[in-house]
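input-v8.cif (mmCIF, N, CA and C atoms)
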```
data_run
loop_
_atom_site.label_atom_id
_atom_site.label_comp_id
_atom_site.auth_asym_id
_atom_site.auth_seq_id
_atom_site.Cartn_x
_atom_site.Cartn_y
_atom_site.Cartn_z
N ASN F 1 -57.03 70.38 21.91
CA ASN F 1 -58.40 70.05 21.54
C ASN F 1 -59.32 70.47 22.68
N THR F 2 -60.26 71.34 22.39
CA THR F 2 -61.19 71.80 23.42
C THR F 2 -62.52 71.09 23.27
N GLU F 3 -63.15 70.89 24.40
CA GLU F 3 -64.43 70.19 24.43
C GLU F 3 -65.52 71.17 24.85
N ILE F 4 -66.64 71.14 24.16
CA ILE F 4 -67.75 72.03 24.52
C ILE F 4 -68.42 71.49 25.77
N ASN F 5 -68.55 72.37 26.75
CA ASN F 5 -69.10 72.01 28.04
C ASN F 5 -70.45 72.70 28.19
N SER F 6 -71.49 71.96 28.37
CA SER F 6 -72.82 72.56 28.52
C SER F 6 -73.26 72.60 29.98
N SER F 7 -72.36 72.23 30.88
CA SER F 7 -72.74 72.19 32.29
C SER F 7 -72.94 73.59 32.83
N GLU F 8 -73.64 73.65 33.93
CA GLU F 8 -73.96 74.95 34.54
C GLU F 8 -72.94 75.34 35.59
N ASP F 9 -71.86 74.57 35.77
CA ASP F 9 -70.88 74.94 36.80
C ASP F 9 -70.18 76.25 36.43
N PHE F 10 -70.18 76.59 35.19
CA PHE F 10 -69.65 77.86 34.71
C PHE F 10 -70.85 78.58 34.13
N ALA F 11 -71.50 79.39 34.94
CA ALA F 11 -72.77 80.00 34.51
C ALA F 11 -72.51 81.16 33.58
N VAL F 12 -73.17 81.13 32.44
CA VAL F 12 -73.11 82.22 31.47
C VAL F 12 -74.53 82.73 31.31
N ILE F 13 -74.72 84.02 31.57
CA ILE F 13 -76.03 84.64 31.45
C ILE F 13 -75.99 85.61 30.27
N ILE F 14 -76.99 85.52 29.40
CA ILE F 14 -77.09 86.39 28.23
C ILE F 14 -78.41 87.14 28.33
N ALA F 15 -78.34 88.47 28.27
CA ALA F 15 -79.56 89.26 28.40
C ALA F 15 -79.44 90.53 27.55
N PRO F 16 -80.49 90.96 26.91
CA PRO F 16 -81.74 90.20 26.75
C PRO F 16 -81.57 89.09 25.70
N ASN F 17 -82.37 88.08 25.81
CA ASN F 17 -82.36 86.98 24.86
C ASN F 17 -83.79 86.50 24.70
N PRO F 18 -84.46 86.81 23.58
CA PRO F 18 -83.92 87.30 22.30
C PRO F 18 -83.53 88.78 22.37
N THR F 19 -82.72 89.19 21.37
CA THR F 19 -82.25 90.56 21.28
C THR F 19 -82.39 91.06 19.85
N ASP F 20 -82.35 92.38 19.71
CA ASP F 20 -82.37 92.94 18.36
C ASP F 20 -81.11 93.74 18.06
N TYR F 21 -80.31 94.07 19.09
CA TYR F 21 -79.09 94.82 18.82
C TYR F 21 -78.02 94.62 19.89
N ASP F 22 -78.25 95.17 21.08
CA ASP F 22 -77.26 95.07 22.16
C ASP F 22 -77.61 93.92 23.09
N PHE F 23 -76.58 93.31 23.66
CA PHE F 23 -76.80 92.30 24.69
C PHE F 23 -75.58 92.26 25.60
N VAL F 24 -75.78 91.68 26.76
CA VAL F 24 -74.71 91.58 27.77
C VAL F 24 -74.47 90.11 28.04
N VAL F 25 -73.19 89.75 28.16
CA VAL F 25 -72.81 88.41 28.58
C VAL F 25 -72.19 88.54 29.96
N LYS F 26 -72.75 87.80 30.90
CA LYS F 26 -72.22 87.79 32.25
C LYS F 26 -71.68 86.40 32.55
N VAL F 27 -70.44 86.35 32.96
CA VAL F 27 -69.77 85.10 33.29
C VAL F 27 -69.69 85.03 34.80
N ASN F 28 -70.35 84.04 35.39
CA ASN F 28 -70.41 83.93 36.85
C ASN F 28 -69.28 83.07 37.40
N GLN F 29 -68.09 83.41 37.04
CA GLN F 29 -66.93 82.72 37.58
C GLN F 29 -65.77 83.67 37.45
N ASN F 30 -64.85 83.62 38.39
CA ASN F 30 -63.67 84.47 38.28
C ASN F 30 -62.76 83.89 37.21
N THR F 31 -62.81 84.49 36.06
CA THR F 31 -61.91 84.11 34.99
C THR F 31 -61.28 85.38 34.48
N SER F 32 -60.01 85.33 34.25
CA SER F 32 -59.31 86.57 33.95
C SER F 32 -58.86 86.65 32.51
N ASN F 33 -59.47 86.07 31.61
CA ASN F 33 -59.08 86.25 30.22
C ASN F 33 -59.91 85.29 29.40
N TRP F 34 -61.09 85.72 29.05
CA TRP F 34 -61.94 84.85 28.26
C TRP F 34 -62.17 85.43 26.88
N ARG F 35 -62.63 84.57 26.01
CA ARG F 35 -62.84 84.94 24.61
C ARG F 35 -64.28 84.63 24.25
N PHE F 36 -64.83 85.46 23.36
CA PHE F 36 -66.23 85.37 22.97
C PHE F 36 -66.32 85.22 21.46
N GLU F 37 -67.23 84.36 21.01
CA GLU F 37 -67.56 84.26 19.58
C GLU F 37 -69.07 84.11 19.45
N LEU F 38 -69.63 84.81 18.45
CA LEU F 38 -71.02 84.63 18.04
C LEU F 38 -70.96 83.92 16.71
N VAL F 39 -71.56 82.73 16.64
CA VAL F 39 -71.43 81.85 15.48
C VAL F 39 -72.81 81.58 14.90
N ASP F 40 -72.92 81.65 13.57
CA ASP F 40 -74.21 81.34 12.94
C ASP F 40 -74.38 79.83 12.80
N LEU F 41 -75.53 79.40 12.28
CA LEU F 41 -75.82 77.97 12.18
C LEU F 41 -74.92 77.24 11.20
N GLU F 42 -74.23 77.98 10.35
CA GLU F 42 -73.30 77.35 9.40
C GLU F 42 -71.87 77.33 9.94
N GLY F 43 -71.69 77.79 11.18
CA GLY F 43 -70.38 77.73 11.80
C GLY F 43 -69.50 78.94 11.55
N ARG F 44 -70.04 79.98 10.91
CA ARG F 44 -69.25 81.18 10.64
C ARG F 44 -69.26 82.09 11.86
N VAL F 45 -68.11 82.62 12.21
CA VAL F 45 -68.02 83.57 13.32
C VAL F 45 -68.45 84.93 12.79
N VAL F 46 -69.53 85.49 13.35
CA VAL F 46 -70.05 86.78 12.90
C VAL F 46 -69.65 87.91 13.83
N LEU F 47 -69.17 87.58 15.03
CA LEU F 47 -68.70 88.57 15.98
C LEU F 47 -67.76 87.86 16.94
N GLY F 48 -66.66 88.49 17.25
CA GLY F 48 -65.73 87.88 18.19
C GLY F 48 -64.92 88.93 18.93
N GLU F 49 -64.51 88.57 20.12
CA GLU F 49 -63.66 89.46 20.91
C GLU F 49 -62.80 88.61 21.83
N SER F 50 -61.55 89.01 21.99
CA SER F 50 -60.60 88.27 22.82
C SER F 50 -60.15 89.11 24.00
N ASN F 51 -59.48 88.45 24.93
CA ASN F 51 -58.85 89.11 26.08
C ASN F 51 -59.84 89.93 26.89
N ILE F 52 -61.00 89.36 27.18
CA ILE F 52 -62.00 90.02 28.00
C ILE F 52 -61.66 89.73 29.46
N ASN F 53 -61.56 90.77 30.25
CA ASN F 53 -61.10 90.59 31.63
C ASN F 53 -62.13 90.96 32.68
N GLU F 54 -63.34 91.31 32.27
CA GLU F 54 -64.38 91.59 33.26
C GLU F 54 -65.45 90.51 33.18
N ASN F 55 -66.19 90.35 34.27
CA ASN F 55 -67.21 89.30 34.32
C ASN F 55 -68.45 89.64 33.52
N THR F 56 -68.72 90.94 33.32
CA THR F 56 -69.87 91.38 32.54
C THR F 56 -69.37 92.23 31.39
N HIS F 57 -69.78 91.87 30.17
CA HIS F 57 -69.30 92.57 28.99
C HIS F 57 -70.45 92.80 28.02
N SER F 58 -70.53 94.01 27.47
CA SER F 58 -71.60 94.36 26.52
C SER F 58 -71.12 94.16 25.09
N PHE F 59 -72.04 93.74 24.24
CA PHE F 59 -71.76 93.54 22.83
C PHE F 59 -72.86 94.18 21.99
N SER F 60 -72.51 94.59 20.80
CA SER F 60 -73.49 95.08 19.83
C SER F 60 -73.42 94.18 18.61
N LEU F 61 -74.58 93.77 18.12
CA LEU F 61 -74.63 92.91 16.94
C LEU F 61 -74.18 93.68 15.70
N PRO F 62 -73.57 92.98 14.75
CA PRO F 62 -73.25 93.64 13.48
C PRO F 62 -74.53 94.18 12.82
N ARG F 63 -74.42 95.32 12.19
CA ARG F 63 -75.58 96.00 11.61
C ARG F 63 -76.34 95.13 10.61
N LEU F 64 -75.63 94.34 9.83
CA LEU F 64 -76.26 93.56 8.76
C LEU F 64 -76.65 92.14 9.17
N ILE F 65 -76.56 91.83 10.45
CA ILE F 65 -76.91 90.47 10.89
C ILE F 65 -78.40 90.24 10.67
N THR F 66 -78.76 89.03 10.30
CA THR F 66 -80.16 88.69 10.04
C THR F 66 -80.78 88.00 11.25
N SER F 67 -82.10 87.98 11.29
CA SER F 67 -82.80 87.28 12.36
C SER F 67 -82.49 85.80 12.30
N GLY F 68 -82.46 85.17 13.46
CA GLY F 68 -82.23 83.74 13.48
C GLY F 68 -81.60 83.29 14.79
N THR F 69 -81.21 82.04 14.82
CA THR F 69 -80.57 81.44 15.98
C THR F 69 -79.07 81.46 15.78
N TYR F 70 -78.36 81.88 16.80
CA TYR F 70 -76.91 81.93 16.80
C TYR F 70 -76.41 81.24 18.06
N PHE F 71 -75.15 80.92 18.07
CA PHE F 71 -74.54 80.32 19.25
C PHE F 71 -73.46 81.24 19.77
N ILE F 72 -73.49 81.46 21.07
CA ILE F 72 -72.43 82.18 21.74
C ILE F 72 -71.48 81.14 22.31
N LYS F 73 -70.22 81.30 22.00
CA LYS F 73 -69.19 80.41 22.55
C LYS F 73 -68.28 81.24 23.45
N ILE F 74 -68.08 80.74 24.65
CA ILE F 74 -67.19 81.37 25.61
C ILE F 74 -66.01 80.43 25.80
N TYR F 75 -64.82 80.94 25.57
CA TYR F 75 -63.59 80.18 25.73
C TYR F 75 -62.87 80.71 26.97
N ALA F 76 -62.62 79.85 27.93
CA ALA F 76 -61.88 80.23 29.13
C ALA F 76 -60.89 79.10 29.42
N GLY F 77 -59.62 79.41 29.32
CA GLY F 77 -58.62 78.36 29.50
C GLY F 77 -58.76 77.32 28.41
N SER F 78 -58.86 76.07 28.79
CA SER F 78 -58.98 74.98 27.80
C SER F 78 -60.42 74.54 27.61
N GLN F 79 -61.38 75.28 28.19
CA GLN F 79 -62.77 74.86 28.09
C GLN F 79 -63.58 75.83 27.25
N VAL F 80 -64.68 75.31 26.69
CA VAL F 80 -65.59 76.10 25.86
C VAL F 80 -67.01 75.87 26.36
N TRP F 81 -67.76 76.96 26.53
CA TRP F 81 -69.16 76.87 26.88
C TRP F 81 -69.97 77.47 25.76
N GLN F 82 -71.12 76.89 25.49
CA GLN F 82 -71.95 77.34 24.36
C GLN F 82 -73.36 77.60 24.84
N ARG F 83 -73.92 78.72 24.39
CA ARG F 83 -75.31 79.08 24.69
C ARG F 83 -75.96 79.59 23.40
N LYS F 84 -77.29 79.48 23.32
CA LYS F 84 -78.04 79.98 22.16
C LYS F 84 -78.39 81.46 22.36
N LEU F 85 -78.40 82.19 21.26
CA LEU F 85 -78.89 83.57 21.25
C LEU F 85 -79.85 83.70 20.08
N LEU F 86 -81.03 84.20 20.36
CA LEU F 86 -82.03 84.42 19.31
C LEU F 86 -82.01 85.89 18.93
N VAL F 87 -81.81 86.15 17.64
CA VAL F 87 -81.77 87.52 17.11
C VAL F 87 -83.06 87.79 16.36
N LEU F 88 -83.76 88.83 16.76
CA LEU F 88 -85.01 89.23 16.10
C LEU F 88 -84.83 90.65 15.58
N LYS F 89 -84.73 90.80 14.27
CA LYS F 89 -84.52 92.13 13.67
C LYS F 89 -85.81 92.67 13.12
#
```
Please lay out the structure from this file as structure tokens.
Amino acid sequence: NTEINSSEDFAVIIAPNPTDYDFVVKVNQNTSNWRFELVDLEGRVVLGESNINENTHSFSLPRLITSGTYFIKIYAGSQVWQRKLLVLK
């Protein structure tokens, strides 16, 4: 059972935010295998990637994604961090 952690001890930077297509997630901690999910307000995963081994990783939004608020979830070990991403198409 993982718990969502909103603390800043594991800094996650998302830029640009808001975005219309590409964005970068920077994880300010040495973690060697993290997982990323972009989740809509209904809890559906619209983009995901596993086994990320660098601290800065670029993502491209799915072509058909609509404007709105989404949540980025970062999974590292047994912890989960969540941040908002605003998509403006």
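Distances from F:Tyr21, F:Lys26, F:Gly77, F:Ser67 to Asn55 in chain F were compared using all atoms listed in the file, and the smallest one belongs to F:Lys26.
You will find atom N of Thr31 in chain F at 17.1 Å from atom N of Arg83 in chain F.
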Thr56 in chain F proximity check over F:Ile72, F:Val87, F:Val25, F:Leu38, using all atoms listed in the file: winner is F:Val25
### Interatomic distance (Å, one decimal) between CA of Ile65 in chain F and CA of Ala11 in chain F
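Between CA of Ile65 in chain F and CA of Ala11 in chain F the gap is 26.2 Å.
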Query - Selection dump of the PyMOL selection byres (((chain F and resi 12-19 and name CA) around 10) and name CA), as an MDAnalysis selection string - result: chainID F and resid 8:11 20:29 55:58 60:61 67:69 72:74 81:89
Subject >> Those of chain F in DSSP strand (DSSP E), formatted as number ranges by chain >> reply: F: 3-5, 12-15, 22-27, 34-39, 45-52, 56-60, 68-76, 79-87
*Given the file shown, enumerate the residues that the PyMOL selection byres ((chain F and resi 39-51) around 7) captures and present them as a ChimeraX atom specification.*
/F:32-38,52-54,62,69-73
In Å, how far is it from atom N of Phe59 in chain F to atom C of Val80 in chain F?
->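 Taking atom N of Phe59 in chain F and atom C of Val80 in chain F, their separation equals 18.7 Å.
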